[in-house]
$ cat entry01.cif   # mmCIF, C-alpha atoms
data_data
loop_
_atom_site.label_atom_id
_atom_site.label_comp_id
_atom_site.auth_asym_id
_atom_site.auth_seq_id
_atom_site.Cartn_x
_atom_site.Cartn_y
_atom_site.Cartn_z
CA MET A 1 92.30 -216.82 14.39
CA THR A 2 94.34 -217.25 11.21
CA GLU A 3 95.29 -214.29 9.03
CA ILE A 4 92.73 -215.30 6.41
CA SER A 5 90.01 -215.52 9.06
CA SER A 6 90.83 -212.02 10.22
CA LEU A 7 90.85 -210.72 6.65
CA ASN A 8 87.39 -212.14 6.07
CA ALA A 9 85.97 -211.13 9.45
CA LEU A 10 85.83 -207.40 8.76
CA THR A 11 82.44 -205.78 9.34
CA LEU A 12 81.04 -202.36 8.55
CA GLU A 13 81.17 -201.62 12.27
CA ASN A 14 84.93 -202.30 12.27
CA LEU A 15 85.58 -200.19 9.21
CA THR A 16 83.48 -197.05 9.62
CA SER A 17 85.69 -195.82 12.46
CA ARG A 18 88.79 -195.66 10.24
CA ASP A 19 90.20 -192.20 9.56
CA GLY A 20 91.98 -192.82 6.24
CA ILE A 21 90.60 -191.15 3.13
CA LYS A 22 88.82 -194.27 1.90
CA TRP A 23 86.43 -194.49 4.84
CA SER A 24 86.40 -190.89 6.08
CA HIS A 25 85.56 -189.27 2.74
CA PRO A 26 82.11 -190.74 1.94
CA ALA A 27 78.93 -189.46 3.55
CA PRO A 28 77.56 -191.41 6.54
CA GLY A 29 75.93 -194.67 5.49
CA VAL A 30 77.82 -194.90 2.20
CA ILE A 31 80.14 -197.91 1.76
CA PRO A 32 83.38 -196.90 0.03
CA ALA A 33 84.69 -199.11 -2.76
CA TRP A 34 86.54 -196.45 -4.68
CA ILE A 35 90.20 -195.57 -3.94
CA ALA A 36 92.68 -198.47 -4.26
CA ASP A 37 93.25 -199.15 -0.57
CA MET A 38 92.46 -202.56 0.88
CA ASP A 39 90.32 -202.93 3.99
CA PHE A 40 92.56 -205.71 5.28
CA PRO A 41 94.72 -205.23 8.39
CA VAL A 42 98.43 -204.88 7.69
CA ALA A 43 100.63 -207.99 7.80
CA ALA A 44 102.07 -208.79 11.24
CA ALA A 45 105.59 -208.78 9.81
CA VAL A 46 105.15 -205.15 8.72
CA ARG A 47 103.62 -204.05 12.01
CA ASP A 48 106.44 -205.68 13.94
CA ALA A 49 109.12 -204.05 11.79
CA LEU A 50 107.58 -200.61 12.27
CA ALA A 51 107.28 -201.14 16.01
CA ARG A 52 110.94 -202.17 16.27
CA ARG A 53 111.99 -199.07 14.36
CA ALA A 54 109.75 -196.80 16.45
CA HIS A 55 111.30 -198.17 19.64
CA GLY A 56 114.79 -198.11 18.22
CA ASP A 57 116.95 -195.62 16.37
CA LEU A 58 115.04 -192.83 14.64
CA GLY A 59 118.15 -190.90 13.71
CA TYR A 60 119.57 -190.65 10.22
CA PRO A 61 119.65 -194.16 8.71
CA ALA A 62 122.89 -195.86 7.68
CA TRP A 63 121.80 -195.46 4.06
CA ASP A 64 121.17 -191.71 4.41
CA GLU A 65 121.76 -189.76 1.16
CA ARG A 66 122.05 -192.96 -0.90
CA HIS A 67 119.66 -192.79 -3.85
CA ASP A 68 118.97 -196.53 -3.58
CA ALA A 69 117.96 -196.39 0.12
CA GLY A 70 120.34 -199.29 0.86
CA PRO A 71 118.28 -202.27 2.01
CA LEU A 72 115.37 -201.21 -0.20
CA ALA A 73 117.31 -201.80 -3.42
CA LEU A 74 118.57 -205.17 -2.24
CA ALA A 75 115.11 -206.31 -1.13
CA PHE A 76 113.68 -205.26 -4.51
CA ALA A 77 116.35 -207.16 -6.44
CA GLU A 78 115.86 -210.29 -4.31
CA ARG A 79 112.10 -210.19 -4.78
CA MET A 80 112.27 -209.76 -8.53
CA GLU A 81 114.58 -212.76 -8.76
CA SER A 82 112.64 -215.02 -6.40
CA ARG A 83 109.19 -214.31 -7.88
CA TYR A 84 109.88 -213.49 -11.52
CA GLY A 85 113.33 -214.85 -12.35
CA TRP A 86 114.73 -211.36 -13.04
CA ARG A 87 117.84 -210.20 -11.18
CA PRO A 88 118.03 -206.41 -11.56
CA ASP A 89 121.20 -204.57 -10.59
CA PRO A 90 120.63 -202.93 -7.17
CA GLU A 91 123.04 -200.17 -8.21
CA HIS A 92 120.47 -199.06 -10.79
CA VAL A 93 117.66 -198.63 -8.25
CA ARG A 94 116.47 -195.26 -6.98
CA SER A 95 113.99 -194.66 -4.20
CA PHE A 96 111.03 -192.29 -4.52
CA THR A 97 108.10 -191.43 -2.29
CA ASP A 98 105.57 -192.95 -4.68
CA ILE A 99 105.02 -194.04 -8.27
CA ASN A 100 103.54 -190.70 -9.30
CA GLN A 101 106.61 -188.81 -8.15
CA ALA A 102 108.90 -191.27 -9.92
CA LEU A 103 106.95 -190.89 -13.17
CA GLN A 104 107.05 -187.11 -13.05
CA VAL A 105 110.77 -187.01 -12.29
CA ILE A 106 111.55 -189.39 -15.16
CA LEU A 107 109.38 -187.48 -17.64
CA HIS A 108 111.01 -184.23 -16.49
CA VAL A 109 114.58 -185.39 -17.13
CA ALA A 110 113.99 -187.65 -20.15
CA THR A 111 111.41 -185.79 -22.28
CA ARG A 112 110.42 -182.31 -23.38
CA PRO A 113 107.05 -180.54 -23.47
CA GLY A 114 105.15 -181.70 -26.52
CA ASP A 115 106.58 -185.22 -26.49
CA GLU A 116 103.76 -187.77 -26.57
CA VAL A 117 103.35 -190.56 -24.03
CA ALA A 118 101.61 -193.71 -25.25
CA VAL A 119 99.41 -195.29 -22.59
CA HIS A 120 96.63 -197.87 -22.56
CA VAL A 121 93.25 -196.34 -21.81
CA PRO A 122 91.17 -196.27 -19.73
CA ALA A 123 94.07 -195.44 -17.42
CA TYR A 124 94.98 -194.68 -13.82
CA PRO A 125 93.76 -191.06 -13.46
CA PRO A 126 96.91 -189.53 -11.89
CA PHE A 127 98.95 -190.70 -14.90
CA LEU A 128 96.61 -188.89 -17.27
CA GLU A 129 96.77 -185.83 -15.04
CA THR A 130 100.58 -185.96 -15.06
CA CYS A 131 100.66 -186.03 -18.87
CA LYS A 132 98.34 -183.02 -19.01
CA GLU A 133 100.09 -181.01 -16.29
CA MET A 134 103.54 -181.60 -17.74
CA GLY A 135 102.58 -180.89 -21.34
CA ARG A 136 103.33 -184.43 -22.51
CA PRO A 137 100.18 -185.32 -24.48
CA ALA A 138 98.82 -188.80 -23.91
CA LEU A 139 98.69 -190.99 -27.02
CA PRO A 140 95.81 -193.33 -26.13
CA ILE A 141 96.02 -197.07 -26.76
CA PRO A 142 92.38 -198.15 -26.38
CA MET A 143 91.68 -201.29 -24.40
CA GLU A 144 88.95 -203.20 -26.20
CA PRO A 145 86.71 -206.12 -25.19
CA ALA A 146 88.24 -209.42 -26.33
CA GLY A 147 86.04 -212.37 -25.44
CA ASP A 148 85.94 -212.61 -21.67
CA SER A 149 88.96 -210.32 -21.28
CA TRP A 150 90.54 -207.20 -22.80
CA GLY A 151 93.00 -206.53 -25.62
CA PHE A 152 94.35 -203.73 -27.80
CA ASP A 153 95.11 -203.10 -31.46
CA ALA A 154 98.90 -203.28 -31.85
CA GLU A 155 98.70 -202.46 -35.55
CA ALA A 156 96.80 -199.24 -34.89
CA LEU A 157 99.41 -198.33 -32.28
CA ALA A 158 102.19 -198.91 -34.81
CA VAL A 159 100.53 -196.47 -37.21
CA ARG A 160 100.31 -193.78 -34.52
CA LEU A 161 103.91 -194.29 -33.44
CA ALA A 162 105.08 -193.89 -37.04
CA GLU A 163 103.98 -190.25 -36.83
CA GLY A 164 107.14 -189.69 -34.79
CA ARG A 165 105.89 -187.53 -31.92
CA CYS A 166 105.88 -190.20 -29.21
CA ARG A 167 108.92 -190.59 -26.98
CA VAL A 168 107.61 -192.77 -24.14
CA LEU A 169 105.54 -195.92 -23.72
CA LEU A 170 103.95 -195.76 -20.29
CA LEU A 171 103.02 -199.39 -19.69
CA VAL A 172 100.83 -200.34 -16.73
CA ASN A 173 101.00 -204.12 -16.29
CA PRO A 174 98.83 -205.47 -14.73
CA GLN A 175 96.59 -202.83 -16.24
CA ASN A 176 94.50 -200.50 -14.10
CA PRO A 177 91.46 -200.39 -14.23
CA THR A 178 90.75 -203.49 -16.38
CA GLY A 179 92.97 -205.87 -14.39
CA ARG A 180 94.40 -207.28 -17.63
CA VAL A 181 97.78 -209.05 -17.47
CA PHE A 182 99.56 -208.71 -20.80
CA THR A 183 100.87 -211.88 -22.42
CA ARG A 184 104.44 -212.52 -23.49
CA GLU A 185 103.36 -212.17 -27.11
CA GLU A 186 101.78 -208.77 -26.45
CA LEU A 187 104.77 -207.54 -24.46
CA THR A 188 107.20 -208.75 -27.10
CA GLY A 189 105.25 -206.83 -29.71
CA LEU A 190 105.39 -203.69 -27.59
CA ALA A 191 109.14 -204.17 -27.10
CA GLU A 192 109.63 -204.38 -30.85
CA LEU A 193 107.68 -201.15 -31.34
CA ALA A 194 109.67 -199.42 -28.61
CA GLU A 195 112.94 -200.47 -30.25
CA ARG A 196 111.78 -199.46 -33.73
CA HIS A 197 110.60 -196.02 -32.64
CA ASP A 198 113.30 -195.27 -30.06
CA LEU A 199 110.93 -195.13 -27.09
CA LEU A 200 111.77 -195.07 -23.41
CA VAL A 201 109.51 -197.61 -21.67
CA ILE A 202 108.27 -196.69 -18.20
CA SER A 203 106.73 -199.89 -16.85
CA ASP A 204 104.50 -199.52 -13.80
CA GLU A 205 104.32 -203.01 -12.29
CA ILE A 206 102.90 -202.10 -8.89
CA HIS A 207 100.11 -204.71 -9.13
CA ALA A 208 102.42 -207.58 -10.18
CA ASP A 209 102.17 -209.40 -6.83
CA LEU A 210 98.38 -209.50 -7.25
CA VAL A 211 98.25 -211.64 -10.40
CA HIS A 212 95.70 -214.41 -9.91
CA THR A 213 96.32 -218.04 -10.84
CA PRO A 214 96.97 -219.12 -13.59
CA GLY A 215 98.23 -215.72 -14.73
CA GLU A 216 101.91 -214.90 -15.10
CA HIS A 217 103.62 -211.55 -14.64
CA ILE A 218 106.53 -210.89 -16.99
CA PRO A 219 108.77 -207.95 -16.04
CA PHE A 220 109.17 -205.79 -19.14
CA ALA A 221 112.84 -205.29 -18.32
CA THR A 222 113.46 -208.95 -19.11
CA LEU A 223 112.48 -208.19 -22.72
CA LEU A 224 114.05 -204.78 -23.31
CA PRO A 225 116.42 -204.07 -20.41
CA GLU A 226 118.28 -201.01 -21.72
CA ARG A 227 115.13 -199.09 -22.64
CA THR A 228 113.07 -199.88 -19.56
CA VAL A 229 112.42 -198.13 -16.28
CA THR A 230 110.56 -200.41 -13.87
CA LEU A 231 108.41 -198.70 -11.25
CA THR A 232 107.01 -200.63 -8.33
CA SER A 233 106.17 -200.56 -4.64
CA ALA A 234 104.79 -202.79 -1.89
CA THR A 235 101.95 -200.36 -1.29
CA LYS A 236 99.24 -202.05 -3.40
CA ALA A 237 99.91 -205.71 -2.65
CA PHE A 238 100.49 -205.13 1.07
CA ASN A 239 98.05 -202.26 1.72
CA LEU A 240 100.69 -199.66 2.61
CA GLY A 241 99.63 -196.61 0.60
CA GLY A 242 100.38 -194.21 3.42
CA VAL A 243 104.02 -195.23 3.92
CA ARG A 244 105.07 -193.41 0.72
CA CYS A 245 107.86 -195.61 -0.59
CA SER A 246 108.57 -196.82 -4.13
CA VAL A 247 111.47 -197.82 -6.35
CA ALA A 248 112.54 -197.18 -9.91
CA HIS A 249 114.97 -199.53 -11.61
CA THR A 250 116.63 -197.51 -14.37
CA GLY A 251 117.82 -199.86 -17.07
CA ALA A 252 118.35 -197.05 -19.58
CA PRO A 253 121.93 -195.71 -19.24
CA ALA A 254 121.06 -192.23 -20.55
CA LEU A 255 118.32 -191.91 -17.93
CA ARG A 256 120.69 -192.93 -15.15
CA GLU A 257 123.09 -190.21 -16.27
CA ALA A 258 120.30 -187.63 -16.40
CA LEU A 259 119.13 -188.50 -12.90
CA ALA A 260 122.68 -188.45 -11.54
CA ALA A 261 123.11 -184.93 -12.90
CA GLN A 262 120.22 -183.60 -10.79
CA PRO A 263 120.88 -181.79 -7.48
CA THR A 264 121.28 -184.32 -4.67
CA HIS A 265 118.28 -183.31 -2.55
CA LEU A 266 115.92 -181.99 -5.22
CA TYR A 267 113.57 -184.99 -5.20
CA GLY A 268 114.06 -186.14 -1.62
CA MET A 269 114.15 -189.83 -0.77
CA ALA A 270 112.13 -192.54 0.90
CA ASN A 271 111.61 -192.20 4.64
CA VAL A 272 112.90 -194.71 7.18
CA PHE A 273 109.44 -196.07 8.05
CA GLY A 274 108.58 -196.54 4.39
CA VAL A 275 111.79 -198.48 3.82
CA GLU A 276 111.26 -200.61 6.94
CA ALA A 277 107.68 -201.45 5.95
CA THR A 278 108.58 -202.24 2.35
CA VAL A 279 111.56 -204.44 3.18
CA ALA A 280 109.53 -206.33 5.80
CA ALA A 281 106.66 -206.87 3.34
CA TRP A 282 108.89 -208.10 0.54
CA ARG A 283 111.03 -210.36 2.72
CA HIS A 284 108.58 -211.60 5.35
CA GLY A 285 105.03 -210.85 4.17
CA ASP A 286 104.33 -213.56 1.63
CA ASP A 287 102.23 -215.73 3.95
CA TRP A 288 99.93 -212.75 4.53
CA LEU A 289 99.92 -212.00 0.80
CA ALA A 290 98.97 -215.57 -0.08
CA GLU A 291 95.97 -215.41 2.23
CA ALA A 292 94.95 -211.98 0.96
CA ARG A 293 95.10 -213.26 -2.60
CA THR A 294 92.87 -216.19 -1.62
CA VAL A 295 90.21 -213.75 -0.42
CA LEU A 296 90.62 -211.57 -3.52
CA ASP A 297 90.35 -214.55 -5.85
CA ARG A 298 87.10 -215.59 -4.22
CA ASN A 299 85.81 -212.01 -4.34
CA ARG A 300 86.48 -211.50 -8.06
CA HIS A 301 84.35 -214.58 -8.81
CA LEU A 302 81.68 -213.57 -6.29
CA ILE A 303 81.15 -210.35 -8.23
CA ALA A 304 80.56 -212.32 -11.44
CA GLU A 305 77.99 -214.48 -9.65
CA ARG A 306 76.13 -211.65 -7.93
CA LEU A 307 76.02 -208.69 -10.30
CA PRO A 308 72.54 -207.90 -11.61
CA ASP A 309 71.56 -208.29 -15.26
CA GLY A 310 72.60 -205.34 -17.37
CA VAL A 311 75.95 -204.78 -15.66
CA GLY A 312 78.93 -205.98 -17.69
CA TYR A 313 82.02 -207.40 -16.01
CA ARG A 314 85.10 -209.26 -17.18
CA ILE A 315 86.84 -211.08 -14.33
CA PRO A 316 90.25 -209.40 -13.89
CA ASP A 317 93.48 -211.36 -14.31
CA ALA A 318 95.01 -209.38 -11.45
CA THR A 319 94.40 -206.64 -8.87
CA TYR A 320 91.41 -206.14 -6.60
CA LEU A 321 89.65 -203.77 -9.00
CA ALA A 322 86.50 -204.60 -10.96
CA TRP A 323 85.84 -202.53 -14.09
CA LEU A 324 82.04 -202.50 -14.36
CA ASP A 325 80.17 -201.65 -17.54
CA LEU A 326 76.92 -199.92 -16.57
CA SER A 327 76.26 -198.39 -19.97
CA GLY A 328 73.51 -200.89 -20.69
CA LEU A 329 71.35 -199.67 -17.81
CA GLY A 330 70.22 -196.57 -19.69
CA LEU A 331 70.85 -194.28 -16.74
CA ALA A 332 70.26 -190.57 -17.21
CA GLU A 333 73.35 -189.72 -15.17
CA GLU A 334 76.92 -190.86 -14.55
CA PRO A 335 76.68 -194.41 -13.10
CA ALA A 336 78.92 -193.89 -10.05
CA ALA A 337 76.90 -190.83 -9.03
CA PHE A 338 73.70 -192.86 -9.40
CA LEU A 339 75.05 -195.71 -7.25
CA GLU A 340 76.36 -193.39 -4.56
CA ARG A 341 72.94 -191.75 -4.22
CA GLU A 342 70.66 -194.76 -4.72
CA ALA A 343 72.77 -197.70 -3.49
CA LYS A 344 74.85 -195.82 -0.91
CA VAL A 345 77.97 -197.35 -2.46
CA MET A 346 80.89 -195.17 -3.58
CA LEU A 347 82.76 -196.32 -6.70
CA SER A 348 85.35 -194.55 -8.84
CA PRO A 349 83.63 -192.82 -11.79
CA GLY A 350 84.67 -194.22 -15.16
CA PRO A 351 85.19 -190.84 -16.89
CA LEU A 352 88.10 -190.12 -14.53
CA PHE A 353 90.01 -192.90 -16.33
CA GLY A 354 89.92 -191.08 -19.67
CA PRO A 355 88.85 -192.44 -23.07
CA GLY A 356 86.81 -195.62 -22.70
CA GLY A 357 85.58 -194.71 -19.24
CA GLU A 358 82.14 -193.37 -20.12
CA GLY A 359 79.41 -195.61 -18.72
CA PHE A 360 81.85 -197.50 -16.49
CA ALA A 361 82.77 -197.44 -12.81
CA ARG A 362 85.59 -199.11 -10.87
CA LEU A 363 84.78 -201.18 -7.80
CA ASN A 364 87.45 -202.02 -5.22
CA PHE A 365 86.74 -205.53 -3.88
CA ALA A 366 89.61 -205.76 -1.37
CA THR A 367 87.35 -206.29 1.58
CA SER A 368 85.71 -209.13 3.47
CA GLY A 369 83.08 -211.41 2.01
CA PRO A 370 80.28 -209.99 4.19
CA VAL A 371 81.10 -206.38 3.26
CA LEU A 372 81.38 -207.19 -0.46
CA SER A 373 78.08 -209.05 -0.30
CA GLU A 374 76.42 -205.99 1.21
CA ILE A 375 77.90 -203.82 -1.56
CA LEU A 376 76.57 -206.16 -4.24
CA ASP A 377 73.16 -206.40 -2.56
CA ARG A 378 72.89 -202.61 -2.54
CA VAL A 379 73.97 -202.31 -6.17
CA THR A 380 71.46 -204.98 -7.22
CA ARG A 381 68.57 -203.29 -5.40
CA ALA A 382 69.39 -199.91 -6.90
CA VAL A 383 69.68 -201.30 -10.43
CA LYS A 384 66.41 -203.21 -10.19
CA THR A 385 64.62 -200.17 -8.80
CA SER A 386 65.85 -198.02 -11.70
CA SER A 387 64.64 -200.41 -14.41
#
$ encode --input "entry01.cif" --output "structure tokens"
Amino acid sequence: MTEISSLNALTLENLTSRDGIKWSHPAPGVIPAWIADMDFPVAAAVRDALARRAHGDLGYPAWDERHDAGPLALAFAERMESRYGWRPDPEHVRSFTDINQALQVILHVATRPGDEVAVHVPAYPPFLETCKEMGRPALPIPMEPAGDSWGFDAEALAVRLAEGRCRVLLLVNPQNPTGRVFTREELTGLAELAERHDLLVISDEIHADLVHTPGEHIPFATLLPERTVTLTSATKAFNLGGVRCSVAHTGAPALREALAAQPTHLYGMANVFGVEATVAAWRHGDDWLAEARTVLDRNRHLIAERLPDGVGYRIPDATYLAWLDLSGLGLAEEPAAFLEREAKVMLSPGPLFGPGGEGFARLNFATSGPVLSEILDRVTRAVKTSS
């Protein structure tokens, strides 16, 4: 059986025995399509690397106490060059447990309470929570329907930035939850605004390896290197959320100095299994990734074909997340709650994603064709019954 055959052979019987949060959290009989974990088995290259480490040396690694986690920084730099034509300096890479930790550390050392953080909305919920918890108010950049995709009003953003309270542009590209991949023209415009208003740009590019053809991912650091912090990880593209390993490339010299001034062990570092899994994925996992992307590409179009009337959907440029507009159904309750009760399908509620989320829900389609078909069948029956 090829990798792609195994990815598409998953059944509900296979999946309901899993003990991760995605499958263990919902009530019995409910199919989870909420949290951004794939259902796919991990790439053989990653499993083999973890097995070798487990049967080998579990003492302190050779890169112990190095902020770049040694091979992690090199693997990141190689991957950026081979896939995107950008050769970042490995010396400017720091390891973190995950993207959320990296964001909070950077905001802590580079901003002050009250500083605004511009971010496209709807947005990844933990980022909005971070802004609230840390007292860095979010300055929303609304994503708006634009034909069969999504866009935003750069002129309106320029007016808000001119007020002078914003210190950070938190860019998520590809964007979560819409799946939009920003164009070079859009990114160049954002770079000009960041330069004009003296903004630090924190660019979360964790979904970059999941850009669908013919889309193109452009690392923001190629446009504005000395103002940009690039955050990424193998966890989304290679289904490794539990390994807790991410990187931050700090192009901004002042930020590097601020991080270097922090106590050595205050923020910890990536663990040896996380580094092993990430390096193996980035260096040896691309055959698996290509097959996973084939399944995801088919699934994003299957949703467009199978959704019932009244549910809006713009096929995402990237990711395995479908941002569904259920506002036209006239439901008397929050759509995700309705679908969990009536369709026995668990989606992520739109309001969690902040402004622009009302009436929406996010569906994770990183599963097999048969399981996705069952999800869509259930959604269709529930919608038709409610009308």
$ resolve_selection --input "entry01.cif" --expression "the PyMOL selection byres ((chain A and resi 353) around 8)" --output "list in words"
Val121, Pro122, Ala123, Tyr124, Pro125, Leu128, Pro177, Pro349, Gly350, Pro351, Leu352, Gly354, Pro355, Gly356 and Gly357 of chain A
$ resolve_selection --input "entry01.cif" --expression "the PyMOL selection byres ((chain A and resi 259-273) around 7)" --output "PDB file with C-alpha atoms, in the coordinates of the input"
ATOM      1  CA  LEU A  50     107.580-200.610  12.270  1.00  0.00           C
ATOM      2  CA  PRO A  61     119.650-194.160   8.710  1.00  0.00           C
ATOM      3  CA  HIS A  67     119.660-192.790  -3.850  1.00  0.00           C
ATOM      4  CA  SER A  95     113.990-194.660  -4.200  1.00  0.00           C
ATOM      5  CA  PHE A  96     111.030-192.290  -4.520  1.00  0.00           C
ATOM      6  CA  THR A  97     108.100-191.430  -2.290  1.00  0.00           C
ATOM      7  CA  VAL A 109     114.580-185.390 -17.130  1.00  0.00           C
ATOM      8  CA  VAL A 243     104.020-195.230   3.920  1.00  0.00           C
ATOM      9  CA  CYS A 245     107.860-195.610  -0.590  1.00  0.00           C
ATOM     10  CA  LEU A 255     118.320-191.910 -17.930  1.00  0.00           C
ATOM     11  CA  ARG A 256     120.690-192.930 -15.150  1.00  0.00           C
ATOM     12  CA  GLU A 257     123.090-190.210 -16.270  1.00  0.00           C
ATOM     13  CA  ALA A 258     120.300-187.630 -16.400  1.00  0.00           C
ATOM     14  CA  GLY A 274     108.580-196.540   4.390  1.00  0.00           C
ATOM     15  CA  VAL A 275     111.790-198.480   3.820  1.00  0.00           C
ATOM     16  CA  GLU A 276     111.260-200.610   6.940  1.00  0.00           C
ATOM     17  CA  ALA A 277     107.680-201.450   5.950  1.00  0.00           C
TER      18      ALA A 277
END
$ residues_around --input "entry01.cif" --residues "Met143 of chain A" --least-positions-apart "3" --cutoff "10 Å" --atoms "all atoms listed in the file" --output "list of chain:residue names"
A:Val119, A:His120, A:Val121, A:Pro122, A:Ala123, A:Pro140, A:Ala146, A:Ser149, A:Trp150, A:Gly151, A:Phe152, A:Asp153, A:Gln175, A:Thr178, A:Arg180, A:Pro355, A:Gly356
$ resolve_selection --input "entry01.cif" --expression "the PyMOL selection byres ((chain A and resi 197-204) around 6)" --output "MDAnalysis selection string"
chainID A and resid 167:172 194:196 205:206 227:231
$ residues_around --input "entry01.cif" --residues "Gly29 of chain A" --least-positions-apart "3" --cutoff "12 Å" --atoms "all atoms listed in the file" --output "PDB file with C-alpha atoms, in the frame of the given file"
ATOM      1  CA  LEU A  12      81.040-202.360   8.550  1.00  0.00           C
ATOM      2  CA  GLU A  13      81.170-201.620  12.270  1.00  0.00           C
ATOM      3  CA  LEU A  15      85.580-200.190   9.210  1.00  0.00           C
ATOM      4  CA  THR A  16      83.480-197.050   9.620  1.00  0.00           C
ATOM      5  CA  TRP A  23      86.430-194.490   4.840  1.00  0.00           C
ATOM      6  CA  SER A  24      86.400-190.890   6.080  1.00  0.00           C
ATOM      7  CA  HIS A  25      85.560-189.270   2.740  1.00  0.00           C
ATOM      8  CA  PRO A  26      82.110-190.740   1.940  1.00  0.00           C
ATOM      9  CA  PRO A  32      83.380-196.900   0.030  1.00  0.00           C
ATOM     10  CA  GLU A 340      76.360-193.390  -4.560  1.00  0.00           C
ATOM     11  CA  ARG A 341      72.940-191.750  -4.220  1.00  0.00           C
ATOM     12  CA  GLU A 342      70.660-194.760  -4.720  1.00  0.00           C
ATOM     13  CA  ALA A 343      72.770-197.700  -3.490  1.00  0.00           C
ATOM     14  CA  LYS A 344      74.850-195.820  -0.910  1.00  0.00           C
ATOM     15  CA  VAL A 345      77.970-197.350  -2.460  1.00  0.00           C
ATOM     16  CA  MET A 346      80.890-195.170  -3.580  1.00  0.00           C
ATOM     17  CA  ILE A 375      77.900-203.820  -1.560  1.00  0.00           C
ATOM     18  CA  ARG A 378      72.890-202.610  -2.540  1.00  0.00           C
TER      19      ARG A 378
END
$ residues_around --input "entry01.cif" --residues "segment 333-337 of chain A" --least-positions-apart "6" --cutoff "8 Å" --atoms "all atoms listed in the file" --output "MDAnalysis selection string"
chainID A and resid 326:327 346:350 359:361
$ closest_residue --input "entry01.cif" --among "A:Pro214, A:Arg362, A:Pro370, A:Ala248" --to "Asp297 of chain A" --atoms "only C-alpha atoms"
A:Pro214
$ closest_residue --input "entry01.cif" --among "A:Val279, A:Ala318, A:Met80, A:Ala162" --to "Ala221 of chain A" --atoms "all atoms listed in the file"
A:Met80
$ atom_distance --input "entry01.cif" --atom1 "atom CA of Leu210 of chain A" --atom2 "atom CA of Leu339 of chain A"
27.1 Å
$ closest_residue --input "entry01.cif" --among "A:Ala75, A:Leu7, A:Leu223, A:Ala158" --to "Arg184 of chain A" --atoms "only C-alpha atoms"
A:Leu223
$ atom_distance --input "entry01.cif" --atom1 "atom CA of Asp19 of chain A" --atom2 "atom CA of Arg298 of chain A"
27.3 Å
$ atom_distance --input "entry01.cif" --atom1 "atom CA of Glu65 of chain A" --atom2 "atom CA of Gly242 of chain A"
22.0 Å
$ residues_around --input "entry01.cif" --residues "Met134 of chain A" --least-positions-apart "4" --cutoff "9 Å" --atoms "all atoms listed in the file" --output "PyMOL selection string"
chain A and resi 104+107-108+112-114+129-130
$ axis_aligned_box --input "entry01.cif" --around "segment 245-250 of chain A" --padding-each-side "6 Å" --output "AutoDock Vina command-line options"
--center_x 112.2 --center_y -197.6 --center_z -7.5 --size_x 20.8 --size_y 15.9 --size_z 25.8
$ residues_near_point --input "entry01.cif" --point "(92.4, -203.3, -3.2)" --cutoff "8 Å" --atoms "only C-alpha atoms" --output "number ranges by chain"
A: 36-39, 236-237, 239, 319-321, 364-367
$ closest_residue --input "entry01.cif" --among "A:Ala110, A:Trp86, A:Thr278, A:Pro137" --to "Gly241 of chain A" --atoms "only C-alpha atoms"
A:Thr278
$ residues_around --input "entry01.cif" --residues "Leu329 of chain A" --least-positions-apart "3" --cutoff "8 Å" --atoms "all atoms listed in the file" --output "PyMOL selection string"
chain A and resi 310-311+326+383+387
$ write_last_selection --input "entry01.cif" --atoms "C-alpha atoms" --output "PDB file, in the frame of the given file"
ATOM      1  CA  GLY A 310      72.600-205.340 -17.370  1.00  0.00           C
ATOM      2  CA  VAL A 311      75.950-204.780 -15.660  1.00  0.00           C
ATOM      3  CA  LEU A 326      76.920-199.920 -16.570  1.00  0.00           C
ATOM      4  CA  VAL A 383      69.680-201.300 -10.430  1.00  0.00           C
ATOM      5  CA  SER A 387      64.640-200.410 -14.410  1.00  0.00           C
TER       6      SER A 387
END
$ closest_residue --input "entry01.cif" --among "A:Gly369, A:Pro174, A:Gly328, A:Gly147" --to "Arg314 of chain A" --atoms "all atoms listed in the file"
A:Gly147
